[in-house]
file start.txt (compact mmCIF, C-alpha atoms)
# COMPACT_ATOMS: atom_id res chain seq x y z
CA MET A 1 -0.67 37.44 -2.95
CA ILE A 2 -0.39 35.58 -6.24
CA VAL A 3 3.17 34.55 -5.37
CA LEU A 4 2.01 33.08 -2.05
CA GLU A 5 -0.77 31.17 -3.80
CA VAL A 6 1.72 29.75 -6.30
CA VAL A 7 4.10 28.70 -3.51
CA PHE A 8 1.25 27.10 -1.56
CA LEU A 9 0.00 25.18 -4.60
CA LEU A 10 3.52 24.05 -5.44
CA ILE A 11 4.10 22.73 -1.91
CA PHE A 12 0.65 21.17 -1.78
CA TRP A 13 0.94 19.28 -5.06
CA THR A 14 4.51 18.23 -4.28
CA TRP A 15 3.24 16.67 -1.07
CA ILE A 16 0.34 15.00 -2.86
CA GLY A 17 2.68 13.61 -5.52
CA SER A 18 5.13 12.37 -2.90
CA SER A 19 2.33 10.73 -0.93
CA ILE A 20 0.92 8.92 -3.95
CA LEU A 21 4.38 7.74 -4.97
CA PHE A 22 5.15 6.44 -1.48
CA LEU A 23 1.77 4.84 -0.75
CA ARG A 24 1.84 3.04 -4.07
CA ASN A 25 5.07 1.37 -2.97
CA THR A 26 3.47 0.12 0.26
CA LEU A 27 0.98 -1.92 -1.80
CA LEU A 28 3.13 -4.65 -3.29
CA PRO A 29 1.99 -7.44 -5.59
CA ARG A 30 1.45 -10.61 -3.56
CA LEU A 31 3.79 -13.26 -4.91
CA PRO A 32 2.40 -16.80 -4.90
CA ILE A 33 3.95 -19.54 -2.78
CA ILE A 34 5.30 -21.79 -5.52
CA ARG A 35 7.72 -23.86 -3.42
CA THR A 36 6.80 -25.94 -0.41
CA PRO A 37 8.88 -27.67 2.28
CA GLU A 38 7.90 -31.04 0.81
CA SER A 39 9.86 -30.17 -2.36
CA LEU A 40 12.99 -30.23 -0.18
CA GLY A 41 12.01 -33.34 1.75
CA LEU A 42 10.77 -31.44 4.79
CA SER A 43 7.58 -32.35 6.61
CA ALA A 44 5.65 -29.18 7.45
CA GLU A 45 2.34 -28.07 8.90
CA VAL A 46 0.57 -24.96 7.63
CA VAL A 47 -0.30 -22.93 10.72
CA GLN A 48 -2.30 -19.77 11.31
CA PHE A 49 -2.00 -17.40 14.24
CA ASP A 50 -2.62 -13.76 15.09
CA ALA A 51 -0.22 -10.87 15.16
CA THR A 52 -0.37 -8.96 18.43
CA ASP A 53 -2.62 -6.38 16.75
CA GLY A 54 -5.06 -9.11 15.70
CA LEU A 55 -4.16 -9.57 12.02
CA ARG A 56 -4.33 -13.18 10.83
CA LEU A 57 -0.99 -14.60 9.72
CA GLU A 58 0.15 -17.82 8.09
CA GLY A 59 3.33 -19.84 8.26
CA TRP A 60 4.97 -23.24 8.19
CA LYS A 61 5.83 -25.14 11.33
CA ILE A 62 8.66 -27.55 10.56
CA PRO A 63 9.60 -29.62 13.61
CA THR A 64 12.39 -32.15 13.95
CA ASP A 65 11.99 -35.51 15.65
CA ASP A 66 12.75 -33.74 18.93
CA PRO A 67 10.60 -30.60 19.44
CA THR A 68 12.58 -29.78 22.60
CA HIS A 69 15.55 -28.80 20.45
CA PRO A 70 15.85 -25.04 19.88
CA TRP A 71 13.31 -23.29 17.67
CA ILE A 72 14.20 -20.67 15.09
CA ILE A 73 11.76 -18.20 13.51
CA LEU A 74 12.57 -17.22 9.92
CA CYS A 75 11.52 -13.81 8.55
CA HIS A 76 11.53 -12.87 4.86
CA GLY A 77 12.09 -9.50 3.19
CA VAL A 78 9.80 -7.00 1.48
CA GLY A 79 7.91 -8.32 -1.52
CA SER A 80 8.63 -12.03 -1.04
CA ASN A 81 7.16 -14.70 1.26
CA ARG A 82 8.15 -17.61 3.46
CA SER A 83 9.05 -19.86 0.53
CA ASP A 84 12.03 -17.56 -0.11
CA LEU A 85 13.59 -18.99 3.06
CA LEU A 86 13.27 -22.69 2.29
CA ASP A 87 16.89 -23.31 1.28
CA ILE A 88 18.40 -21.95 4.48
CA ALA A 89 15.54 -23.60 6.37
CA ALA A 90 16.52 -27.01 5.00
CA GLY A 91 20.09 -26.56 6.23
CA LEU A 92 18.94 -25.50 9.70
CA HIS A 93 16.49 -28.38 9.90
CA HIS A 94 19.17 -30.93 8.98
CA ALA A 95 21.21 -29.47 11.85
CA SER A 96 18.37 -30.45 14.25
CA PHE A 97 16.72 -27.06 14.63
CA ASN A 98 12.93 -26.78 14.76
CA LEU A 99 11.57 -24.03 12.53
CA LEU A 100 8.70 -21.59 12.12
CA LEU A 101 8.62 -19.73 8.79
CA VAL A 102 6.34 -16.69 8.90
CA ASP A 103 4.60 -14.65 6.20
CA PHE A 104 4.54 -10.98 7.15
CA ARG A 105 1.29 -9.03 6.70
CA GLY A 106 0.43 -8.40 3.08
CA HIS A 107 2.69 -11.24 1.95
CA GLY A 108 2.17 -14.90 1.13
CA GLY A 109 -0.82 -16.39 2.92
CA SER A 110 -1.15 -13.70 5.59
CA ALA A 111 -3.92 -11.11 5.76
CA GLY A 112 -3.45 -7.42 5.10
CA ARG A 113 -2.49 -5.47 2.02
CA ALA A 114 0.12 -2.87 2.91
CA THR A 115 3.67 -3.19 4.17
CA SER A 116 5.05 -0.69 6.68
CA PHE A 117 8.65 -1.76 5.96
CA GLY A 118 9.21 -2.99 9.51
CA TRP A 119 7.07 -1.02 11.96
CA LEU A 120 3.83 -3.04 12.04
CA GLU A 121 5.69 -6.21 11.05
CA GLN A 122 7.09 -6.25 14.59
CA ARG A 123 3.57 -7.21 15.68
CA ASP A 124 3.84 -10.19 13.32
CA LEU A 125 7.03 -11.50 14.90
CA GLU A 126 5.56 -10.92 18.35
CA GLY A 127 2.57 -13.03 17.26
CA ALA A 128 4.89 -15.79 16.10
CA LEU A 129 6.59 -15.78 19.51
CA ALA A 130 3.22 -15.98 21.25
CA PHE A 131 2.19 -18.85 18.97
CA LEU A 132 5.30 -20.86 19.84
CA GLY A 133 4.71 -20.17 23.51
CA GLN A 134 1.25 -21.73 23.24
CA GLN A 135 2.59 -25.03 21.87
CA PRO A 136 2.88 -27.51 24.75
CA GLU A 137 5.84 -29.35 23.22
CA VAL A 138 7.91 -26.20 22.58
CA PRO A 139 10.34 -25.02 25.27
CA ALA A 140 9.62 -21.54 26.60
CA LYS A 141 12.92 -19.96 25.50
CA PRO A 142 15.35 -19.06 24.16
CA TYR A 143 14.39 -19.01 20.50
CA GLY A 144 16.51 -17.92 17.60
CA VAL A 145 15.47 -15.61 14.78
CA TYR A 146 16.87 -15.37 11.26
CA GLY A 147 15.79 -12.49 9.07
CA ILE A 148 16.75 -11.10 5.68
CA SER A 149 16.55 -7.41 4.72
CA MET A 150 13.33 -6.07 6.33
CA GLY A 151 13.01 -9.36 8.20
CA GLY A 152 16.42 -8.80 9.76
CA ALA A 153 15.47 -5.27 10.78
CA VAL A 154 12.28 -6.57 12.41
CA ALA A 155 14.23 -9.32 14.17
CA LEU A 156 16.62 -6.80 15.72
CA MET A 157 13.90 -4.42 16.89
CA VAL A 158 11.85 -7.16 18.55
CA ALA A 159 14.81 -9.02 20.06
CA ALA A 160 16.07 -5.84 21.72
CA ARG A 161 13.02 -5.83 24.00
CA ASP A 162 12.05 -9.52 24.18
CA ASP A 163 14.33 -11.94 26.01
CA ARG A 164 12.54 -14.93 24.49
CA LEU A 165 14.84 -14.33 21.54
CA GLY A 166 18.33 -15.40 22.54
CA ALA A 167 20.17 -15.17 19.22
CA VAL A 168 19.66 -13.01 16.11
CA VAL A 169 20.99 -13.52 12.60
CA ALA A 170 20.27 -10.55 10.33
CA ASP A 171 21.28 -10.63 6.67
CA SER A 172 21.41 -7.12 5.14
CA PRO A 173 19.02 -5.27 7.49
CA TYR A 174 18.59 -1.53 7.15
CA THR A 175 19.90 0.65 9.97
CA ASN A 176 17.19 3.30 10.13
CA LEU A 177 14.00 3.48 8.08
CA GLU A 178 14.27 7.18 7.24
CA GLN A 179 17.82 6.68 6.00
CA THR A 180 16.86 3.70 3.88
CA LEU A 181 13.82 5.46 2.44
CA GLY A 182 16.06 8.31 1.35
CA HIS A 183 18.65 5.93 -0.07
CA HIS A 184 16.05 3.96 -2.03
CA MET A 185 14.56 7.18 -3.35
CA LYS A 186 17.98 7.96 -4.84
CA LEU A 187 18.18 4.49 -6.38
CA LEU A 188 14.63 4.38 -7.77
CA TYR A 189 14.04 8.06 -8.55
CA PRO A 190 17.44 9.72 -8.96
CA TRP A 191 15.82 12.76 -10.56
CA LEU A 192 13.84 13.57 -7.39
CA PRO A 193 15.52 16.00 -4.96
CA GLN A 194 15.73 14.67 -1.39
CA ILE A 195 14.50 18.03 -0.16
CA PRO A 196 11.56 18.41 0.01
CA PHE A 197 10.42 14.97 -1.23
CA LEU A 198 11.91 12.94 1.64
CA TRP A 199 10.28 15.34 4.13
CA PHE A 200 6.91 14.69 2.53
CA VAL A 201 7.47 10.93 2.42
CA ALA A 202 8.35 10.94 6.13
CA MET A 203 5.22 12.98 6.90
CA THR A 204 3.06 10.62 4.84
CA TYR A 205 4.54 7.63 6.67
CA ARG A 206 3.74 9.28 10.01
CA LEU A 207 0.13 9.90 8.95
CA ARG A 208 -0.28 6.38 7.53
CA PHE A 209 1.45 4.30 10.21
CA GLY A 210 1.49 6.53 13.29
CA VAL A 211 5.25 6.87 13.75
CA TRP A 212 8.05 8.90 12.20
CA PRO A 213 10.30 6.63 10.11
CA ARG A 214 13.40 7.88 11.93
CA HIS A 215 12.06 6.12 15.04
CA VAL A 216 11.97 2.77 13.21
CA SER A 217 15.61 2.10 13.96
CA PRO A 218 17.36 -1.28 14.11
CA GLN A 219 20.55 0.62 14.91
CA ALA A 220 19.02 2.06 18.08
CA SER A 221 17.68 -1.39 18.94
CA ALA A 222 21.11 -2.97 18.41
CA ALA A 223 22.44 -0.83 21.24
CA ARG A 224 19.95 -2.56 23.57
CA LEU A 225 20.42 -6.08 22.21
CA SER A 226 23.15 -7.40 24.53
CA PRO A 227 23.38 -9.95 26.12
CA ARG A 228 21.49 -11.53 23.22
CA ALA A 229 23.88 -12.77 20.54
CA PHE A 230 24.00 -11.07 17.15
CA LEU A 231 25.37 -12.17 13.77
CA LEU A 232 25.29 -9.51 11.05
CA MET A 233 25.76 -10.69 7.46
CA LEU A 234 26.17 -8.35 4.50
CA GLY A 235 27.58 -8.27 0.99
CA SER A 236 30.53 -6.10 0.04
CA ARG A 237 28.67 -4.93 -3.09
CA ASP A 238 25.30 -4.26 -1.53
CA HIS A 239 24.08 -1.04 -3.13
CA ARG A 240 20.82 -1.04 -1.17
CA ILE A 241 22.37 -1.23 2.30
CA PRO A 242 25.61 0.82 2.30
CA ILE A 243 28.47 -0.86 4.16
CA THR A 244 29.12 2.28 6.20
CA GLU A 245 25.58 2.16 7.56
CA ALA A 246 25.76 -1.58 8.24
CA ARG A 247 29.01 -1.17 10.14
CA ALA A 248 27.46 1.61 12.23
CA LEU A 249 24.67 -0.78 13.16
CA PHE A 250 27.19 -3.48 14.08
CA ASP A 251 29.28 -1.05 16.13
CA ALA A 252 26.17 -0.04 18.08
CA ALA A 253 25.60 -3.61 19.30
CA GLY A 254 27.23 -4.98 22.42
CA GLU A 255 28.80 -8.38 22.84
CA PRO A 256 28.43 -11.15 21.87
CA LYS A 257 28.38 -10.22 18.20
CA GLU A 258 29.86 -11.40 14.92
CA LEU A 259 30.20 -9.81 11.49
CA LEU A 260 30.38 -11.71 8.21
CA LEU A 261 31.23 -9.54 5.19
CA ILE A 262 30.69 -11.61 2.04
CA GLU A 263 33.05 -10.43 -0.67
CA GLY A 264 31.48 -9.84 -4.07
CA ALA A 265 27.90 -10.24 -2.86
CA GLY A 266 25.14 -7.78 -3.62
CA HIS A 267 21.95 -7.42 -1.61
CA LEU A 268 20.97 -10.86 -0.22
CA GLU A 269 23.36 -12.64 -2.58
CA GLY A 270 25.57 -14.18 0.11
CA PHE A 271 23.70 -17.47 0.26
CA ALA A 272 23.64 -17.91 -3.52
CA LEU A 273 27.39 -17.26 -3.84
CA ASP A 274 28.37 -19.98 -1.37
CA PRO A 275 25.40 -21.84 0.16
CA THR A 276 27.54 -24.31 2.11
CA THR A 277 29.76 -21.77 3.87
CA TYR A 278 26.84 -19.43 4.50
CA THR A 279 24.67 -22.16 6.01
CA HIS A 280 27.47 -23.58 8.15
CA ARG A 281 28.18 -20.12 9.60
CA VAL A 282 24.53 -19.63 10.56
CA ILE A 283 24.28 -23.14 12.03
CA ARG A 284 27.48 -22.69 14.05
CA PHE A 285 26.22 -19.41 15.46
CA PHE A 286 22.85 -20.81 16.54
CA LYS A 287 24.42 -23.95 18.01
CA GLU A 288 26.83 -21.88 20.08
CA HIS A 289 24.21 -19.50 21.42
CA LEU A 290 21.09 -21.68 21.66
CA MET A 291 22.09 -25.29 22.17
CA SER A 292 24.53 -24.41 24.94
CA HIS A 293 21.76 -22.74 26.97
CA PRO A 294 19.09 -24.55 28.95
CA SER A 295 15.50 -23.76 27.97

call {"tool": "encode", "arguments": {"input": "start.txt", "output": "structure tokens"}}
result
Amino acid sequence: MIVLEVVFLLIFWTWIGSSILFLRNTLLPRLPIIRTPESLGLSAEVVQFDATDGLRLEGWKIPTDDPTHPWIILCHGVGSNRSDLLDIAAGLHHASFNLLLVDFRGHGGSAGRATSFGWLEQRDLEGALAFLGQQPEVPAKPYGVYGISMGGAVALMVAARDDRLGAVVADSPYTNLEQTLGHHMKLLYPWLPQIPFLWFVAMTYRLRFGVWPRHVSPQASAARLSPRAFLLMLGSRDHRIPITEARALFDAAGEPKELLLIEGAGHLEGFALDPTTYTHRVIRFFKEHLMSHPS
């Protein structure tokens, strides 16, 4: 009897410890927006709109002189905000693309406190699509979407079921949330055994967000993405998103698709290593798959 009580208490407190550790990492410090489009010579309007679950979001609407040109939604990664995307945004804008930069929930100027690492953030991108659809000067579709890290994962999952998105650029997205949670546990807490701690983290995620993390899967979405165009970008030295996993995601997608492996780049370092080549590749992709299609 005493042995059973000890085992029960050990399991119970392991679960509690895992839950506290995980939930603490869903509450990230909110970084201030210290750069604005005006600092790069871009004229922008601060806009607010609702995610499809009603949460109030904030972003920048950056039109060109011709709002009938294609629109691209830009999605940041975990722990940053829309200002992190201004450099690539400037390049896209100079190439005559209209832009909407979005703050995910719990980031930047948007409401909310917790991040779900991609599950609830899909409601945010859906809200951005609805917002563009309500603008009388904006063509109905297709739109493009550019996302980095979590933003790329969200972009893939939404685009796979929404034909308003005609072209997806994802820089270093994860392939499956359960896999990436386990991988990041190894990176952040190498002394923690995956079993049973990853089991408890997955259970805590299910209780907190209503879905098992294995079902939050950009790789599964990639298989349903075609005929929407897909450009996957990743660094050859990305320790957070293993190349083998990224290639599995790419292989799951149908045509048309492109892969850009940036030699020597770590996680999200591709732009910084060669901004000109990186930006030109993204512009070329969007021009080919958006500007050649009627709205």

call {"tool": "atom_distance", "arguments": {"input": "start.txt", "atom1": "CA of His94 (chain A)", "atom2": "CA of Cys75 (chain A)"}}
result
18.8 Å

call {"tool": "closest_residue", "arguments": {"input": "start.txt", "among": "A:Thr115, A:Ser149, A:Thr175, A:Gly54", "to": "Tyr205 (chain A)", "atoms": "all atoms listed in the file"}}
result
A:Thr115

call {"tool": "atom_distance", "arguments": {"input": "start.txt", "atom1": "CA of Ala89 (chain A)", "atom2": "CA of Leu290 (chain A)"}}
result
16.4 Å

call {"tool": "residues_around", "arguments": {"input": "start.txt", "residues": "Leu273 (chain A)", "least_positions_apart": "6", "cutoff": "12 Å", "atoms": "all atoms listed in the file", "output": "JSON, numbers by chain"}}
result
{"A": [235, 262, 263, 264, 265, 266, 267, 279]}

call {"tool": "atom_distance", "arguments": {"input": "start.txt", "atom1": "CA of Arg35 (chain A)", "atom2": "CA of Thr52 (chain A)"}}
result
27.7 Å

call {"tool": "residues_around", "arguments": {"input": "start.txt", "residues": "Arg224 (chain A)", "least_positions_apart": "2", "cutoff": "9 Å", "atoms": "all atoms listed in the file", "output": "compact mmCIF listing (two decimals) with C-alpha atoms, in the coordinates of the input"}}
result
# COMPACT_ATOMS: atom_id res chain seq x y z
CA ALA A 159 14.81 -9.02 20.06
CA ALA A 160 16.07 -5.84 21.72
CA ARG A 161 13.02 -5.83 24.00
CA ALA A 220 19.02 2.06 18.08
CA SER A 221 17.68 -1.39 18.94
CA ALA A 222 21.11 -2.97 18.41
CA SER A 226 23.15 -7.40 24.53
CA PRO A 227 23.38 -9.95 26.12
CA ALA A 252 26.17 -0.04 18.08
CA ALA A 253 25.60 -3.61 19.30
CA GLY A 254 27.23 -4.98 22.42

call {"tool": "build_atoms", "arguments": {"input": "start.txt", "residues": "region 197-208 of chain A", "atoms": "all heavy atoms", "output": "PDB file, in the frame of the given file"}}
result
ATOM      1  N   PHE A 197      11.209  16.189  -1.043  1.00  0.00           N
ATOM      2  CA  PHE A 197      10.420  14.970  -1.230  1.00  0.00           C
ATOM      3  C   PHE A 197      10.554  14.000  -0.049  1.00  0.00           C
ATOM      4  O   PHE A 197       9.571  13.387   0.368  1.00  0.00           O
ATOM      5  CB  PHE A 197      10.796  14.293  -2.546  1.00  0.00           C
ATOM      6  CG  PHE A 197      10.204  14.967  -3.747  1.00  0.00           C
ATOM      7  CD1 PHE A 197      10.912  15.946  -4.439  1.00  0.00           C
ATOM      8  CD2 PHE A 197       8.924  14.649  -4.180  1.00  0.00           C
ATOM      9  CE1 PHE A 197      10.371  16.580  -5.537  1.00  0.00           C
ATOM     10  CE2 PHE A 197       8.373  15.289  -5.281  1.00  0.00           C
ATOM     11  CZ  PHE A 197       9.091  16.249  -5.963  1.00  0.00           C
ATOM     12  N   LEU A 198      11.763  13.843   0.509  1.00  0.00           N
ATOM     13  CA  LEU A 198      11.910  12.940   1.640  1.00  0.00           C
ATOM     14  C   LEU A 198      11.143  13.450   2.848  1.00  0.00           C
ATOM     15  O   LEU A 198      10.593  12.664   3.623  1.00  0.00           O
ATOM     16  CB  LEU A 198      13.393  12.751   1.984  1.00  0.00           C
ATOM     17  CG  LEU A 198      13.683  11.745   3.114  1.00  0.00           C
ATOM     18  CD1 LEU A 198      13.087  10.379   2.811  1.00  0.00           C
ATOM     19  CD2 LEU A 198      15.183  11.641   3.371  1.00  0.00           C
ATOM     20  N   TRP A 199      11.083  14.780   3.037  1.00  0.00           N
ATOM     21  CA  TRP A 199      10.280  15.340   4.130  1.00  0.00           C
ATOM     22  C   TRP A 199       8.815  14.914   3.973  1.00  0.00           C
ATOM     23  O   TRP A 199       8.179  14.489   4.941  1.00  0.00           O
ATOM     24  CB  TRP A 199      10.356  16.860   4.122  1.00  0.00           C
ATOM     25  CG  TRP A 199      11.692  17.436   4.418  1.00  0.00           C
ATOM     26  CD1 TRP A 199      12.781  16.785   4.941  1.00  0.00           C
ATOM     27  CD2 TRP A 199      12.097  18.792   4.225  1.00  0.00           C
ATOM     28  NE1 TRP A 199      13.834  17.647   5.073  1.00  0.00           N
ATOM     29  CE2 TRP A 199      13.454  18.886   4.651  1.00  0.00           C
ATOM     30  CE3 TRP A 199      11.454  19.928   3.738  1.00  0.00           C
ATOM     31  CZ2 TRP A 199      14.165  20.073   4.599  1.00  0.00           C
ATOM     32  CZ3 TRP A 199      12.164  21.123   3.688  1.00  0.00           C
ATOM     33  CH2 TRP A 199      13.497  21.194   4.106  1.00  0.00           C
ATOM     34  N   PHE A 200       8.311  15.024   2.770  1.00  0.00           N
ATOM     35  CA  PHE A 200       6.910  14.690   2.530  1.00  0.00           C
ATOM     36  C   PHE A 200       6.649  13.191   2.671  1.00  0.00           C
ATOM     37  O   PHE A 200       5.596  12.777   3.159  1.00  0.00           O
ATOM     38  CB  PHE A 200       6.466  15.191   1.155  1.00  0.00           C
ATOM     39  CG  PHE A 200       6.444  16.681   1.035  1.00  0.00           C
ATOM     40  CD1 PHE A 200       6.879  17.312  -0.125  1.00  0.00           C
ATOM     41  CD2 PHE A 200       6.005  17.477   2.081  1.00  0.00           C
ATOM     42  CE1 PHE A 200       6.860  18.698  -0.236  1.00  0.00           C
ATOM     43  CE2 PHE A 200       5.980  18.863   1.981  1.00  0.00           C
ATOM     44  CZ  PHE A 200       6.408  19.476   0.822  1.00  0.00           C
ATOM     45  N   VAL A 201       7.609  12.373   2.248  1.00  0.00           N
ATOM     46  CA  VAL A 201       7.470  10.930   2.420  1.00  0.00           C
ATOM     47  C   VAL A 201       7.439  10.578   3.905  1.00  0.00           C
ATOM     48  O   VAL A 201       6.615   9.771   4.355  1.00  0.00           O
ATOM     49  CB  VAL A 201       8.613  10.185   1.705  1.00  0.00           C
ATOM     50  CG1 VAL A 201       8.692   8.726   2.157  1.00  0.00           C
ATOM     51  CG2 VAL A 201       8.416  10.236   0.190  1.00  0.00           C
ATOM     52  N   ALA A 202       8.319  11.196   4.688  1.00  0.00           N
ATOM     53  CA  ALA A 202       8.350  10.940   6.130  1.00  0.00           C
ATOM     54  C   ALA A 202       7.027  11.370   6.782  1.00  0.00           C
ATOM     55  O   ALA A 202       6.488  10.671   7.655  1.00  0.00           O
ATOM     56  CB  ALA A 202       9.517  11.672   6.774  1.00  0.00           C
ATOM     57  N   MET A 203       6.491  12.516   6.357  1.00  0.00           N
ATOM     58  CA  MET A 203       5.220  12.980   6.900  1.00  0.00           C
ATOM     59  C   MET A 203       4.076  12.039   6.522  1.00  0.00           C
ATOM     60  O   MET A 203       3.202  11.729   7.342  1.00  0.00           O
ATOM     61  CB  MET A 203       4.936  14.402   6.410  1.00  0.00           C
ATOM     62  CG  MET A 203       3.777  15.100   7.122  1.00  0.00           C
ATOM     63  SD  MET A 203       3.553  16.793   6.522  1.00  0.00           S
ATOM     64  CE  MET A 203       5.153  17.512   6.889  1.00  0.00           C
ATOM     65  N   THR A 204       4.088  11.563   5.279  1.00  0.00           N
ATOM     66  CA  THR A 204       3.060  10.620   4.840  1.00  0.00           C
ATOM     67  C   THR A 204       3.141   9.321   5.623  1.00  0.00           C
ATOM     68  O   THR A 204       2.116   8.746   6.015  1.00  0.00           O
ATOM     69  CB  THR A 204       3.216  10.343   3.331  1.00  0.00           C
ATOM     70  OG1 THR A 204       3.123  11.573   2.611  1.00  0.00           O
ATOM     71  CG2 THR A 204       2.138   9.396   2.834  1.00  0.00           C
ATOM     72  N   TYR A 205       4.362   8.850   5.867  1.00  0.00           N
ATOM     73  CA  TYR A 205       4.540   7.630   6.670  1.00  0.00           C
ATOM     74  C   TYR A 205       3.971   7.831   8.070  1.00  0.00           C
ATOM     75  O   TYR A 205       3.280   6.960   8.607  1.00  0.00           O
ATOM     76  CB  TYR A 205       6.023   7.265   6.748  1.00  0.00           C
ATOM     77  CG  TYR A 205       6.278   5.914   7.380  1.00  0.00           C
ATOM     78  CD1 TYR A 205       6.436   4.790   6.590  1.00  0.00           C
ATOM     79  CD2 TYR A 205       6.354   5.764   8.763  1.00  0.00           C
ATOM     80  CE1 TYR A 205       6.666   3.545   7.159  1.00  0.00           C
ATOM     81  CE2 TYR A 205       6.578   4.538   9.340  1.00  0.00           C
ATOM     82  CZ  TYR A 205       6.736   3.421   8.530  1.00  0.00           C
ATOM     83  OH  TYR A 205       6.935   2.185   9.098  1.00  0.00           O
ATOM     84  N   ARG A 206       4.249   8.982   8.662  1.00  0.00           N
ATOM     85  CA  ARG A 206       3.740   9.280  10.010  1.00  0.00           C
ATOM     86  C   ARG A 206       2.221   9.278  10.025  1.00  0.00           C
ATOM     87  O   ARG A 206       1.598   8.727  10.952  1.00  0.00           O
ATOM     88  CB  ARG A 206       4.276  10.647  10.465  1.00  0.00           C
ATOM     89  CG  ARG A 206       3.663  11.181  11.753  1.00  0.00           C
ATOM     90  CD  ARG A 206       4.050  10.331  12.943  1.00  0.00           C
ATOM     91  NE  ARG A 206       3.561  10.887  14.190  1.00  0.00           N
ATOM     92  CZ  ARG A 206       2.335  10.708  14.672  1.00  0.00           C
ATOM     93  NH1 ARG A 206       1.461   9.971  13.998  1.00  0.00           N
ATOM     94  NH2 ARG A 206       1.989  11.254  15.817  1.00  0.00           N
ATOM     95  N   LEU A 207       1.592   9.866   9.016  1.00  0.00           N
ATOM     96  CA  LEU A 207       0.130   9.900   8.950  1.00  0.00           C
ATOM     97  C   LEU A 207      -0.449   8.506   8.695  1.00  0.00           C
ATOM     98  O   LEU A 207      -1.504   8.162   9.229  1.00  0.00           O
ATOM     99  CB  LEU A 207      -0.315  10.865   7.855  1.00  0.00           C
ATOM    100  CG  LEU A 207      -0.027  12.343   8.110  1.00  0.00           C
ATOM    101  CD1 LEU A 207      -0.336  13.165   6.873  1.00  0.00           C
ATOM    102  CD2 LEU A 207      -0.834  12.859   9.306  1.00  0.00           C
ATOM    103  N   ARG A 208       0.240   7.710   7.900  1.00  0.00           N
ATOM    104  CA  ARG A 208      -0.280   6.380   7.530  1.00  0.00           C
ATOM    105  C   ARG A 208      -0.063   5.358   8.629  1.00  0.00           C
ATOM    106  O   ARG A 208      -0.948   4.546   8.915  1.00  0.00           O
ATOM    107  CB  ARG A 208       0.406   5.913   6.227  1.00  0.00           C
ATOM    108  CG  ARG A 208       0.067   4.483   5.791  1.00  0.00           C
ATOM    109  CD  ARG A 208      -1.403   4.358   5.436  1.00  0.00           C
ATOM    110  NE  ARG A 208      -1.728   3.004   4.991  1.00  0.00           N
ATOM    111  CZ  ARG A 208      -2.013   1.998   5.816  1.00  0.00           C
ATOM    112  NH1 ARG A 208      -1.996   2.209   7.127  1.00  0.00           N
ATOM    113  NH2 ARG A 208      -2.300   0.806   5.337  1.00  0.00           N
TER     114      ARG A 208
END
